[in-house]
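Next comes query_7.cif, a file with mmCIF, C-alpha atoms.
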```cif
data_work
#
loop_
_atom_site.label_atom_id
_atom_site.label_comp_id
_atom_site.auth_asym_id
_atom_site.auth_seq_id
_atom_site.Cartn_x
_atom_site.Cartn_y
_atom_site.Cartn_z
CA MET A 1 -90.70 -22.88 2.69
CA PHE A 2 -92.59 -24.88 0.08
CA ASN A 3 -90.89 -22.99 -2.74
CA TYR A 4 -87.49 -23.73 -1.30
CA PHE A 5 -88.52 -27.36 -0.86
CA LYS A 6 -89.35 -27.54 -4.59
CA ILE A 7 -85.95 -26.07 -5.44
CA GLU A 8 -84.17 -28.67 -3.34
CA LEU A 9 -86.26 -31.48 -4.81
CA LYS A 10 -85.22 -30.40 -8.27
CA ARG A 11 -81.62 -30.16 -7.08
CA ALA A 12 -81.75 -33.71 -5.75
CA PHE A 13 -83.65 -35.47 -8.49
CA ILE A 14 -82.74 -33.64 -11.67
CA ASN A 15 -79.02 -33.96 -11.64
CA ARG A 16 -76.26 -36.19 -12.90
CA ARG A 17 -75.52 -37.74 -9.52
CA MET A 18 -79.02 -39.10 -9.14
CA ALA A 19 -78.78 -40.52 -12.66
CA VAL A 20 -75.46 -42.19 -11.80
CA ALA A 21 -76.79 -43.70 -8.55
CA LEU A 22 -79.91 -45.02 -10.24
CA ALA A 23 -77.92 -46.30 -13.22
CA VAL A 24 -75.60 -48.33 -10.99
CA GLY A 25 -78.52 -49.80 -9.05
CA ILE A 26 -80.47 -50.61 -12.21
CA LEU A 27 -77.36 -52.21 -13.72
CA PHE A 28 -77.22 -54.60 -10.74
CA ALA A 29 -80.90 -55.33 -11.24
CA ILE A 30 -80.60 -56.07 -14.95
CA ILE A 31 -77.44 -58.17 -14.75
CA GLN A 32 -79.07 -60.23 -12.00
CA VAL A 33 -81.92 -61.02 -14.40
CA PHE A 34 -79.48 -62.34 -16.99
CA VAL A 35 -77.46 -64.38 -14.52
CA ASP A 36 -80.09 -65.77 -12.14
CA VAL A 37 -83.51 -65.43 -13.78
CA LEU A 38 -83.14 -66.35 -17.47
CA PRO A 39 -81.57 -69.79 -16.75
CA MET A 40 -84.63 -70.59 -14.62
CA VAL A 41 -86.88 -70.00 -17.63
CA GLU A 42 -85.23 -72.99 -19.30
CA VAL A 43 -85.50 -75.05 -16.12
CA ASN A 44 -89.22 -74.30 -15.88
CA ALA A 45 -89.73 -75.10 -19.55
CA GLY A 46 -87.99 -78.44 -19.18
CA ASN A 47 -89.21 -81.47 -17.28
CA LEU A 48 -89.81 -80.24 -13.75
CA GLN A 49 -90.54 -83.80 -12.54
CA GLY A 50 -93.27 -82.64 -10.23
CA LEU A 51 -91.28 -79.77 -8.78
CA TYR A 52 -92.92 -76.44 -8.09
CA PRO A 53 -91.81 -74.02 -10.83
CA HIS A 54 -89.34 -71.28 -10.02
CA SER A 55 -91.21 -68.05 -9.58
CA VAL A 56 -90.62 -64.32 -9.31
CA PHE A 57 -90.68 -64.69 -5.54
CA SER A 58 -87.76 -67.11 -5.42
CA LYS A 59 -85.54 -65.54 -8.08
CA CYS A 60 -85.95 -61.78 -7.98
CA MET A 61 -83.02 -59.83 -6.59
CA GLY A 62 -84.56 -59.22 -3.20
CA MET A 63 -85.62 -62.81 -2.60
CA ILE A 64 -82.98 -65.03 -4.16
CA ARG A 65 -80.67 -66.92 -1.85
CA GLY A 66 -77.09 -67.81 -2.73
CA SER A 67 -76.60 -65.15 -5.39
CA VAL A 68 -73.88 -62.51 -5.27
CA PHE A 69 -76.08 -59.76 -6.71
CA PRO A 70 -78.37 -59.10 -3.76
CA ALA A 71 -75.37 -59.46 -1.46
CA TYR A 72 -73.41 -56.78 -3.33
CA TYR A 73 -76.47 -54.63 -3.99
CA PHE A 74 -77.42 -54.37 -0.32
CA MET A 75 -73.77 -54.06 0.69
CA PHE A 76 -73.07 -51.08 -1.59
CA LEU A 77 -76.53 -49.50 -1.36
CA PRO A 78 -75.47 -47.33 1.62
CA ILE A 79 -72.92 -45.70 -0.73
CA LEU A 80 -75.37 -45.31 -3.61
CA ILE A 81 -78.00 -43.59 -1.45
CA GLY A 82 -75.52 -40.88 -0.49
CA ILE A 83 -74.46 -40.01 -4.04
CA PRO A 84 -77.43 -37.81 -5.11
CA TYR A 85 -77.80 -35.66 -2.01
CA GLY A 86 -75.66 -36.94 0.87
CA THR A 87 -72.92 -34.32 0.60
CA VAL A 88 -75.06 -31.31 -0.32
CA MET A 89 -75.27 -29.76 3.13
CA SER A 90 -71.55 -30.20 3.65
CA GLN A 91 -70.85 -28.55 0.27
CA ASP A 92 -73.28 -25.71 0.96
CA ARG A 93 -71.44 -24.90 4.16
CA LYS A 94 -68.01 -24.96 2.52
CA ASN A 95 -68.88 -22.78 -0.46
CA GLY A 96 -70.86 -20.25 1.59
CA TYR A 97 -74.20 -20.93 -0.12
CA ILE A 98 -75.75 -21.70 3.24
CA LYS A 99 -74.99 -18.19 4.56
CA ASN A 100 -76.58 -16.72 1.47
CA LEU A 101 -79.70 -18.78 2.07
CA PHE A 102 -79.91 -17.84 5.75
CA THR A 103 -80.20 -14.17 4.77
CA ARG A 104 -83.35 -15.01 2.81
CA MET A 105 -85.17 -17.53 4.97
CA PRO A 106 -85.23 -19.03 8.46
CA LYS A 107 -82.56 -21.67 9.13
CA ARG A 108 -85.21 -24.12 10.19
CA ASN A 109 -86.73 -24.16 6.70
CA TYR A 110 -83.38 -24.98 5.15
CA TYR A 111 -82.65 -27.86 7.53
CA ILE A 112 -86.12 -29.35 7.29
CA ALA A 113 -86.05 -29.22 3.48
CA GLN A 114 -82.57 -30.76 3.37
CA TYR A 115 -83.53 -33.69 5.58
CA VAL A 116 -86.80 -34.42 3.86
CA VAL A 117 -85.24 -34.29 0.40
CA ALA A 118 -82.28 -36.44 1.50
CA PHE A 119 -84.74 -38.96 2.92
CA LEU A 120 -86.76 -39.03 -0.32
CA ALA A 121 -83.72 -39.19 -2.62
CA ALA A 122 -82.17 -42.08 -0.67
CA GLY A 123 -85.46 -43.95 -0.59
CA VAL A 124 -85.88 -43.63 -4.34
CA VAL A 125 -82.34 -44.88 -5.02
CA ALA A 126 -82.92 -47.85 -2.69
CA VAL A 127 -86.26 -48.86 -4.12
CA VAL A 128 -86.34 -48.12 -7.87
CA PRO A 129 -83.78 -50.80 -8.92
CA GLN A 130 -85.68 -53.42 -6.92
CA ILE A 131 -88.98 -52.45 -8.56
CA ILE A 132 -87.40 -52.65 -12.01
CA ASN A 133 -85.88 -56.03 -11.17
CA VAL A 134 -89.22 -57.47 -10.03
CA ALA A 135 -91.02 -56.02 -13.05
CA ILE A 136 -88.52 -57.57 -15.48
CA THR A 137 -88.42 -60.89 -13.63
CA ALA A 138 -92.23 -61.08 -13.78
CA LEU A 139 -91.95 -61.09 -17.59
CA PHE A 140 -89.99 -64.34 -17.49
CA LEU A 141 -91.06 -66.25 -14.40
CA PRO A 142 -94.58 -66.91 -13.11
CA SER A 143 -95.93 -65.09 -10.08
CA TYR A 144 -97.23 -68.19 -8.32
CA VAL A 145 -97.81 -67.76 -4.61
CA PRO A 146 -95.05 -69.78 -2.94
CA LEU A 147 -95.85 -73.11 -1.38
CA THR A 148 -94.77 -73.70 2.22
CA GLY A 149 -92.07 -76.31 2.44
CA LEU A 150 -90.17 -75.33 -0.69
CA GLY A 151 -86.53 -75.74 0.19
CA TYR A 152 -85.28 -72.82 -1.88
CA ILE A 153 -87.40 -70.10 -0.28
CA GLY A 154 -86.07 -68.96 3.05
CA ILE A 155 -89.20 -67.43 4.57
CA PHE A 156 -89.97 -69.46 7.67
CA PRO A 157 -93.10 -69.31 9.83
CA GLU A 158 -91.21 -67.17 12.38
CA SER A 159 -90.08 -64.71 9.71
CA LEU A 160 -91.49 -61.20 9.52
CA TRP A 161 -94.78 -61.06 7.60
CA ALA A 162 -94.60 -64.79 6.78
CA GLY A 163 -98.40 -64.97 6.58
CA ILE A 164 -98.49 -62.18 4.01
CA PHE A 165 -95.68 -63.80 2.03
CA TYR A 166 -97.57 -67.07 1.64
CA THR A 167 -100.86 -65.43 0.72
CA HIS A 168 -100.28 -62.03 -0.92
CA THR A 169 -96.67 -62.13 -1.98
CA TYR A 170 -96.64 -58.93 -4.02
CA LEU A 171 -97.98 -57.13 -0.95
CA TYR A 172 -95.08 -58.61 1.02
CA LEU A 173 -92.63 -57.19 -1.53
CA LEU A 174 -94.40 -53.83 -1.42
CA LEU A 175 -94.13 -53.74 2.37
CA TYR A 176 -90.44 -54.49 2.12
CA LEU A 177 -89.98 -51.73 -0.46
CA LEU A 178 -91.63 -49.31 1.97
CA LEU A 179 -89.40 -50.59 4.75
CA ASP A 180 -86.30 -50.12 2.58
CA PHE A 181 -87.46 -46.61 1.64
CA VAL A 182 -87.69 -45.68 5.31
CA VAL A 183 -84.53 -47.48 6.46
CA TYR A 184 -82.26 -46.04 3.78
CA GLY A 185 -83.94 -42.66 4.07
CA PHE A 186 -83.02 -42.59 7.76
CA LEU A 187 -79.50 -43.76 6.97
CA SER A 188 -79.06 -40.91 4.51
CA SER A 189 -80.36 -38.43 7.06
CA LEU A 190 -77.76 -39.70 9.50
CA SER A 191 -75.10 -39.15 6.83
CA LEU A 192 -76.33 -35.60 6.31
CA SER A 193 -76.09 -34.96 10.05
CA LEU A 194 -72.62 -36.40 10.41
CA GLY A 195 -71.53 -34.04 7.62
CA TRP A 196 -71.18 -31.50 10.43
CA VAL A 197 -68.54 -33.67 12.07
CA PHE A 198 -66.43 -34.68 9.07
CA LYS A 199 -64.56 -32.32 6.82
CA TYR A 200 -64.28 -34.14 3.50
CA ASN A 201 -67.11 -34.93 1.09
CA PHE A 202 -65.79 -38.43 0.42
CA THR A 203 -65.90 -39.21 4.15
CA VAL A 204 -69.46 -37.92 4.37
CA LEU A 205 -70.42 -40.08 1.37
CA MET A 206 -68.94 -43.19 2.97
CA ILE A 207 -70.54 -42.65 6.40
CA PRO A 208 -73.63 -44.84 5.78
CA PHE A 209 -71.47 -47.64 4.41
CA VAL A 210 -69.08 -47.48 7.37
CA ILE A 211 -72.00 -47.42 9.82
CA THR A 212 -73.63 -50.50 8.26
CA GLN A 213 -70.35 -52.42 8.15
CA CYS A 214 -69.57 -51.52 11.77
CA MET A 215 -73.06 -52.65 12.73
CA ASN A 216 -72.51 -55.93 10.89
CA VAL A 217 -69.31 -56.64 12.81
CA VAL A 218 -70.50 -55.55 16.24
CA LEU A 219 -73.93 -57.15 16.05
CA ALA A 220 -72.51 -60.40 14.68
CA PHE A 221 -70.11 -60.43 17.61
CA ILE A 222 -72.96 -60.22 20.12
CA GLY A 223 -75.07 -62.72 18.21
CA LYS A 224 -77.68 -60.27 16.93
CA ASN A 225 -77.30 -60.63 13.17
CA CYS A 226 -81.01 -60.00 12.73
CA TRP A 227 -80.49 -56.39 13.83
CA THR A 228 -78.12 -55.54 10.97
CA ILE A 229 -79.55 -53.37 8.20
CA ASP A 230 -78.43 -55.88 5.55
CA SER A 231 -80.50 -58.48 7.36
CA PHE A 232 -83.82 -56.75 7.92
CA ALA A 233 -83.80 -54.57 4.78
CA CYS A 234 -83.46 -57.56 2.49
CA PRO A 235 -86.82 -59.20 1.61
CA SER A 236 -85.29 -62.69 1.75
CA GLN A 237 -84.62 -62.08 5.48
CA PRO A 238 -81.21 -63.66 5.87
CA GLY A 239 -81.46 -62.94 9.59
CA VAL A 240 -84.54 -65.23 9.79
CA SER A 241 -86.17 -63.98 12.98
CA THR A 242 -86.67 -60.32 12.24
CA ASP A 243 -88.94 -58.68 14.78
CA PRO A 244 -90.75 -55.42 13.85
CA ILE A 245 -90.08 -54.02 17.32
CA GLU A 246 -86.36 -54.69 16.98
CA ILE A 247 -86.38 -53.00 13.55
CA ALA A 248 -88.15 -50.00 15.06
CA ILE A 249 -85.55 -49.80 17.82
CA VAL A 250 -82.66 -49.85 15.33
CA LEU A 251 -84.34 -47.12 13.27
CA LEU A 252 -84.98 -45.08 16.39
CA VAL A 253 -81.32 -45.31 17.34
CA LEU A 254 -80.29 -44.15 13.85
CA PHE A 255 -82.81 -41.32 13.98
CA ALA A 256 -81.64 -40.29 17.44
CA GLY A 257 -78.06 -40.26 16.18
CA ALA A 258 -79.09 -38.04 13.28
CA VAL A 259 -80.96 -35.61 15.53
CA ILE A 260 -78.15 -35.37 18.07
CA SER A 261 -75.58 -34.81 15.30
CA ILE A 262 -77.54 -32.04 13.63
CA ILE A 263 -78.29 -30.22 16.88
CA TRP A 264 -74.63 -30.43 17.85
CA GLY A 265 -73.55 -29.29 14.39
CA ILE A 266 -75.95 -26.34 14.25
CA LYS A 267 -74.92 -25.18 17.73
CA LYS A 268 -71.24 -25.45 16.77
CA SER A 269 -71.88 -23.49 13.58
CA ASP A 270 -73.77 -20.77 15.46
CA GLU A 271 -70.92 -20.50 18.01
CA LEU A 272 -68.38 -20.02 15.19
CA GLU A 273 -70.54 -17.32 13.67
CA MET B 1 -98.96 -33.51 -28.94
CA LYS B 2 -95.73 -34.73 -27.38
CA ILE B 3 -97.52 -35.64 -24.16
CA ALA B 4 -100.18 -37.49 -26.12
CA ALA B 5 -97.54 -39.51 -27.95
CA ILE B 6 -95.84 -40.37 -24.67
CA CYS B 7 -99.17 -41.45 -23.18
CA VAL B 8 -99.88 -43.67 -26.17
CA VAL B 9 -96.45 -45.28 -25.94
CA VAL B 10 -96.84 -45.85 -22.19
CA LEU B 11 -100.31 -47.31 -22.71
CA MET B 12 -99.09 -49.65 -25.44
CA GLY B 13 -96.18 -50.68 -23.24
CA GLY B 14 -98.59 -51.40 -20.40
CA VAL B 15 -100.83 -53.51 -22.60
CA LEU B 16 -97.91 -55.52 -23.98
CA TYR B 17 -96.59 -56.00 -20.44
CA GLY B 18 -100.00 -57.21 -19.31
CA ILE B 19 -100.26 -59.69 -22.17
CA ARG B 20 -96.80 -61.09 -21.50
CA PHE B 21 -97.54 -61.28 -17.74
CA HIS B 22 -100.71 -63.22 -18.46
CA VAL B 23 -98.93 -65.64 -20.81
CA VAL B 24 -96.16 -66.32 -18.29
CA ASN B 25 -98.66 -66.96 -15.49
CA THR B 26 -100.84 -69.35 -17.45
CA GLN B 27 -98.07 -71.55 -18.85
CA PHE B 28 -98.50 -74.06 -16.03
CA HIS B 29 -101.83 -75.40 -14.92
CA ILE B 30 -102.02 -75.18 -11.16
CA GLU B 31 -105.04 -76.69 -9.51
CA GLU B 32 -106.69 -75.63 -6.31
CA THR B 33 -105.48 -77.30 -3.14
CA VAL B 34 -107.83 -80.08 -2.08
CA THR B 35 -107.93 -80.48 1.69
CA VAL B 36 -109.65 -83.61 2.91
CA PRO B 37 -111.36 -83.20 6.31
CA GLN B 38 -110.38 -85.33 9.26
CA GLY B 39 -111.62 -88.91 9.11
CA GLU B 40 -112.56 -88.80 5.42
CA GLU B 41 -111.05 -90.98 2.73
CA VAL B 42 -109.48 -89.73 -0.49
CA SER B 43 -108.46 -91.82 -3.50
CA VAL B 44 -105.42 -91.09 -5.61
CA ASP B 45 -104.42 -93.38 -8.51
CA GLY B 46 -106.45 -96.32 -7.18
CA VAL B 47 -105.20 -96.02 -3.61
CA ALA B 48 -107.47 -94.81 -0.81
CA TYR B 49 -105.89 -92.76 1.98
CA LYS B 50 -107.33 -91.88 5.36
CA ALA B 51 -105.54 -90.03 8.12
CA LEU B 52 -106.07 -91.99 11.33
CA TYR B 53 -104.34 -89.97 14.02
CA GLY B 54 -101.21 -88.08 14.84
CA GLU B 55 -99.28 -87.52 18.01
CA LEU B 56 -96.86 -84.83 19.14
CA MET B 57 -94.09 -85.82 21.51
CA THR B 58 -90.70 -84.69 22.66
CA HIS B 59 -87.68 -86.07 20.83
CA SER B 60 -86.67 -88.19 23.86
CA GLU B 61 -90.15 -89.78 24.00
CA TYR B 62 -89.92 -90.45 20.27
CA ILE B 63 -86.52 -92.12 20.64
CA GLU B 64 -87.75 -94.23 23.56
CA ARG B 65 -91.04 -95.30 22.00
CA TYR B 66 -89.62 -96.30 18.64
CA GLN B 67 -86.24 -97.40 19.98
CA ILE B 68 -84.38 -95.12 17.60
CA GLN B 69 -80.63 -95.56 17.48
CA GLU B 70 -79.22 -92.01 17.60
CA GLU B 71 -76.19 -91.54 15.36
CA SER B 72 -74.40 -89.33 17.81
CA GLU B 73 -74.32 -89.92 21.54
CA GLU B 74 -73.88 -86.20 22.06
CA GLU B 75 -77.19 -85.44 20.37
CA ASP B 76 -79.60 -83.83 22.77
CA ALA B 77 -82.46 -86.27 23.23
CA ASP B 78 -84.74 -83.51 24.47
CA ALA B 79 -84.18 -81.27 21.48
CA GLY B 80 -87.19 -80.57 19.30
CA ILE B 81 -90.67 -81.90 18.90
CA ASP B 82 -91.60 -84.90 16.79
CA LEU B 83 -94.92 -85.49 15.07
CA VAL B 84 -95.83 -89.09 14.30
CA CYS B 85 -98.82 -89.66 12.06
CA PHE B 86 -100.56 -92.84 10.94
CA ILE B 87 -102.25 -93.08 7.55
CA GLN B 88 -104.51 -95.95 6.51
CA VAL B 89 -103.73 -96.98 2.95
CA GLU B 90 -106.03 -99.29 0.95
CA ASN B 91 -105.06 -100.57 -2.48
CA LYS B 92 -108.28 -100.53 -4.50
CA SER B 93 -106.57 -101.19 -7.80
CA ASP B 94 -105.79 -104.47 -9.58
CA GLU B 95 -102.03 -104.27 -9.26
CA GLU B 96 -99.56 -104.25 -6.42
CA LYS B 97 -98.51 -100.75 -5.34
CA LYS B 98 -95.50 -99.40 -3.49
CA ILE B 99 -96.53 -96.70 -1.03
CA LEU B 100 -93.81 -95.12 1.10
CA LEU B 101 -95.22 -91.61 1.59
CA THR B 102 -91.66 -90.28 1.70
CA ASP B 103 -92.53 -87.41 -0.63
CA SER B 104 -95.24 -86.17 1.72
CA THR B 105 -94.99 -82.86 3.49
CA PHE B 106 -96.43 -82.03 6.88
CA ARG B 107 -97.96 -78.58 7.19
CA CYS B 108 -99.51 -76.46 9.91
CA ASP B 109 -100.35 -72.79 9.28
CA TYR B 110 -97.22 -71.56 7.43
CA TRP B 111 -94.89 -74.19 8.81
CA ALA B 112 -93.90 -77.17 6.67
CA ASN B 113 -91.41 -80.00 6.83
CA GLY B 114 -90.87 -83.21 4.91
CA VAL B 115 -91.17 -86.76 6.14
CA ASP B 116 -88.21 -88.06 8.11
CA TYR B 117 -87.06 -90.78 5.72
CA PHE B 118 -85.18 -93.09 8.06
CA SER B 119 -87.87 -93.08 10.71
CA LEU B 120 -90.12 -94.94 8.27
CA TRP B 121 -88.43 -98.20 9.24
CA ALA B 122 -88.20 -97.31 12.93
CA ILE B 123 -91.98 -96.85 13.08
CA ASN B 124 -93.15 -99.51 10.59
CA GLY B 125 -90.52 -102.16 11.28
CA ASP B 126 -87.21 -103.05 9.66
CA ASP B 127 -88.93 -105.29 7.13
CA PHE B 128 -91.22 -102.51 5.89
CA ASP B 129 -91.11 -102.32 2.10
CA GLY B 130 -94.24 -100.26 1.37
CA MET B 131 -95.72 -102.95 -0.92
CA ILE B 132 -99.51 -103.28 -0.79
CA ALA B 133 -101.27 -106.08 -2.63
CA PRO B 134 -104.55 -105.47 -4.51
CA GLY B 135 -107.39 -105.22 -1.98
CA GLU B 136 -105.01 -104.99 0.97
CA THR B 137 -105.22 -102.30 3.67
CA LYS B 138 -102.21 -101.18 5.66
CA LYS B 139 -101.44 -98.66 8.36
CA ILE B 140 -98.29 -96.66 7.62
CA GLY B 141 -96.59 -94.43 10.16
CA ILE B 142 -94.63 -91.36 9.09
CA SER B 143 -92.97 -88.74 11.21
CA THR B 144 -91.33 -85.35 11.00
CA ILE B 145 -89.50 -82.92 13.23
CA VAL B 146 -91.45 -79.79 14.10
CA ASN B 147 -88.47 -77.52 13.70
CA VAL B 148 -89.70 -74.33 15.36
CA SER B 149 -88.84 -72.67 18.63
CA PRO B 150 -90.96 -73.63 21.67
CA GLU B 151 -92.28 -70.06 21.83
CA PHE B 152 -93.46 -70.20 18.24
CA PHE B 153 -94.86 -73.71 18.68
CA ARG B 154 -97.27 -72.38 21.31
CA THR B 155 -98.71 -69.94 18.75
CA MET B 156 -99.44 -72.63 16.16
CA SER B 157 -102.97 -73.79 15.55
CA ASP B 158 -104.07 -77.43 15.48
CA ASP B 159 -104.61 -77.47 11.70
CA TRP B 160 -102.10 -80.25 10.98
CA ARG B 161 -102.13 -81.56 7.41
CA VAL B 162 -100.17 -84.10 5.41
CA SER B 163 -99.82 -83.84 1.65
CA LEU B 164 -100.43 -86.92 -0.44
CA VAL B 165 -99.88 -85.24 -3.77
CA GLU B 166 -97.79 -82.10 -4.24
CA TRP B 167 -97.79 -79.66 -7.16
CA PRO B 168 -99.62 -79.19 -9.51
CA GLY B 169 -102.63 -80.66 -7.76
CA LEU B 170 -102.03 -80.43 -4.04
CA ILE B 171 -104.05 -82.91 -2.00
CA GLU B 172 -103.77 -82.73 1.76
CA VAL B 173 -105.46 -84.68 4.51
CA ARG B 174 -106.21 -83.13 7.87
CA VAL B 175 -104.77 -85.11 10.74
CA PRO B 176 -106.31 -85.24 14.21
CA VAL B 177 -103.28 -84.64 16.41
CA SER B 178 -103.12 -85.27 20.12
CA GLY B 179 -100.41 -84.79 22.65
CA GLY B 180 -98.19 -81.78 22.85
CA VAL B 181 -95.26 -80.37 24.65
CA GLN B 182 -94.97 -77.52 27.12
#
```

Please express what this file holds, its structure, as structure tokens.
Amino acid sequence: MFNYFKIELKRAFINRRMAVALAVGILFAIIQVFVDVLPMVEVNAGNLQGLYPHSVFSKCMGMIRGSVFPAYYFMFLPILIGIPYGTVMSQDRKNGYIKNLFTRMPKRNYYIAQYVVAFLAAGVVAVVPQIINVAITALFLPSYVPLTGLGYIGIFPESLWAGIFYTHTYLYLLLYLLLDFVVYGFLSSLSLSLGWVFKYNFTVLMIPFVITQCMNVVLAFIGKNCWTIDSFACPSQPGVSTDPIEIAIVLLVLFAGAVISIIWGIKKSDELE
Amino acid sequence: MKIAAICVVVLMGGVLYGIRFHVVNTQFHIEETVTVPQGEEVSVDGVAYKALYGELMTHSEYIERYQIQEESEEEDADAGIDLVCFIQVENKSDEEKKILLTDSTFRCDYWANGVDYFSLWAINGDDFDGMIAPGETKKIGISTIVNVSPEFFRTMSDDWRVSLVEWPGLIEVRVPVSGGVQ
């Protein structure tokens, strides 16, 4: 099982699709530095007139408010996470590779390895551009712990981990990177599962994006914007009152959907065989 | 050999990154926050400040007590919580000073909000101009809206502070606050 896991890891991480997904994400991260961060260097260097200087924690891609880059990054991230490994199981079934594998090892090993690797690949695609963006931004803007009451930082006392944000801000960003790793990992797993339902690879690739957009519409309609993935995965917390229990419930629902889909898919596949 | 070269390059990159990080973070001099305990006096630029007391009240009580003219009749008088705070200001310098405290910020735990500008005249009188002659002592009232949900308000501590000087040398005075809302 471990040997097969290593093979799948190599298949996920050492391939052109992973490079493309990471390149697109990193391009967002770098362009955002040029557009939003570098102008702030001049502002800081000029006469601030007693204003608190712009810092990494107000201008990095995850934290900035009013910029198109985080909006587009988090909007298209559900597509990017599926590029490296989201359609692999679907392709394996179509080209018969899966039958070949099942003659050599238990089915369970294959499915477990697929889901774990999909989870890891999606998490890496979600998190690496953000890390690079923060690292580059920290070369230009100071890392001063934010002051409460600054109008351009949208972390309120009711926000998730507000205490950590105003004391150990890098730890806050790290916690959000972990959260994003888990959230987008689960989303990719759901995509993998729903590959049993949909025929075409493009549809499978778009599943996470469609799910997040549907969630945005439905949850906005019932007044629960804070439950959308765009809202609680973004460190700037556009949903304001993000509760950890509510996040856990949303993740549980996604996970349950993934489990139900895969069980249904495997049973259907066994029946056909 | 190749691995050694890569390690050297990575190490050099790390050192250069560290140097640049240090330079960026030391370009501004930020002083430690000075928090003045309740009842104590602090002097800034020849003016001595002392927080006297503060009071929390509902918005309707605030409107009634200070006879505030609400701009909109539809505005909910019971919405929100107001904090009114009185600061004793003594001009110890040789020249007249203008003290409005409008740049002050109220803080409690991780909540913060600025002074409500227009309430300055509702509390201190329409003829309030903030001018303090040399040697004169005045009591100035400032207020803010505690813009949090009632549920969150109940979790807040009683560590109310008002800033007299913001960045780069933050000076805050602790305010004894009474009253409250259910």

Report as a Markdown table the residues of chain B within 6 Å of chain A, each with its shortest atom pair and distance in Å (one decimal), using all atoms listed in the file, ordered by chain and increasing residue number.
```
| residue | atom | partner | partner_atom | distance |
| --- | --- | --- | --- | --- |
| B:Phe21 | CA | A:Leu139 | CA | 5.6 |
| B:Val24 | CA | A:Pro142 | CA | 5.4 |
| B:Asn25 | CA | A:Pro142 | CA | 4.7 |
| B:Tyr110 | CA | A:Pro157 | CA | 5.3 |
| B:Trp111 | CA | A:Pro157 | CA | 5.3 |
| B:Ala112 | CA | A:Gly149 | CA | 4.7 |
| B:Asn113 | CA | A:Gly149 | CA | 5.8 |
| B:Trp167 | CA | A:Tyr52 | CA | 5.9 |
```

How many Å lie between CA of Asp180 in chain A and CA of Ala233 in chain A, rounded to one decimal?
5.6 Å

Go through B:Gln38, B:Gln67, B:Thr144, B:Ser149 and flag the residue nearest Thr105 in chain B, using only C-alpha atoms for the distances.
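Residue with the minimum atom-to-atom distance to Thr105 in chain B: B:Thr144.
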
Once the PyMOL selection byres ((chain A and resi 109) around 12) is applied to the coordinates I shared, what remains selected? I want it as a PyMOL selection string.
chain A and resi 1-5+8+98+101-102+104-108+110-116

Write the residues you've just listed into a file as a short mmCIF file (atom, residue, chain, number, x, y, z; two decimals), in the frame of the given file, and include C-alpha atoms for each of them.
```cif
data_model
loop_
_atom_site.label_atom_id
_atom_site.label_comp_id
_atom_site.auth_asym_id
_atom_site.auth_seq_id
_atom_site.Cartn_x
_atom_site.Cartn_y
_atom_site.Cartn_z
CA MET A 1 -90.70 -22.88 2.69
CA PHE A 2 -92.59 -24.88 0.08
CA ASN A 3 -90.89 -22.99 -2.74
CA TYR A 4 -87.49 -23.73 -1.30
CA PHE A 5 -88.52 -27.36 -0.86
CA GLU A 8 -84.17 -28.67 -3.34
CA ILE A 98 -75.75 -21.70 3.24
CA LEU A 101 -79.70 -18.78 2.07
CA PHE A 102 -79.91 -17.84 5.75
CA ARG A 104 -83.35 -15.01 2.81
CA MET A 105 -85.17 -17.53 4.97
CA PRO A 106 -85.23 -19.03 8.46
CA LYS A 107 -82.56 -21.67 9.13
CA ARG A 108 -85.21 -24.12 10.19
CA TYR A 110 -83.38 -24.98 5.15
CA TYR A 111 -82.65 -27.86 7.53
CA ILE A 112 -86.12 -29.35 7.29
CA ALA A 113 -86.05 -29.22 3.48
CA GLN A 114 -82.57 -30.76 3.37
CA TYR A 115 -83.53 -33.69 5.58
CA VAL A 116 -86.80 -34.42 3.86
#
```

Interatomic distance between CA of Glu64 in chain B and CA of Asp82 in chain B?
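Computed distance, CA of Glu64 in chain B to CA of Asp82 in chain B, equals 12.2 Å.
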
For a quick check of understanding, using only C-alpha atoms, which of A:Ser159, A:Ser90, A:Ser236, A:Ser58 has the smallest distance to Phe74 in chain A?
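Among A:Ser159, A:Ser90, A:Ser236, A:Ser58, it is A:Ser236 that comes nearest to Phe74 in chain A.
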
Assuming the chain letters and numbering stay as they are in my file, what does the PyMOL selection byres ((chain B and resi 83) around 12) actually select? List them as number ranges by chain.
B: 53-59, 61-62, 80-82, 84-86, 105-108, 112-116, 119, 123, 141-147, 160-162, 175-181

One decimal, Å: what's the distance from CA of Ile164 in chain A over to CA of Asp230 in chain A, could you say?
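According to the coordinates, CA of Ile164 in chain A and CA of Asp230 in chain A are separated by 21.1 Å.
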
Selection: 6 Å around range 42-49 of chain B, only C-alpha atoms, excl. self and same-chain fewer than 2 positions, as a VMD selection string
chain B and resid 88 to 93

Can you spell out as a list of chain:residue names the set of residues that the PyMOL selection byres ((chain A and resi 190) around 8) selects in the structure I just provided?
A:Phe186, A:Leu187, A:Ser188, A:Ser189, A:Ser191, A:Leu192, A:Ser193, A:Leu194, A:Pro208, A:Leu254, A:Phe255, A:Gly257, A:Ala258, A:Val259, A:Ser261

Could you tell me which of A:Val250, A:Leu160, A:Met75, A:Leu80 comes closest to Leu219 in chain A if we count only C-alpha atoms?
A:Val250

Return the single residue from A:Ile207, A:Cys214, A:Ile64, A:Leu120 that is closest to Gln237 in chain A, with distances computed using all atoms listed in the file.
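Closest to Gln237 in chain A of all the choices is A:Ile64.
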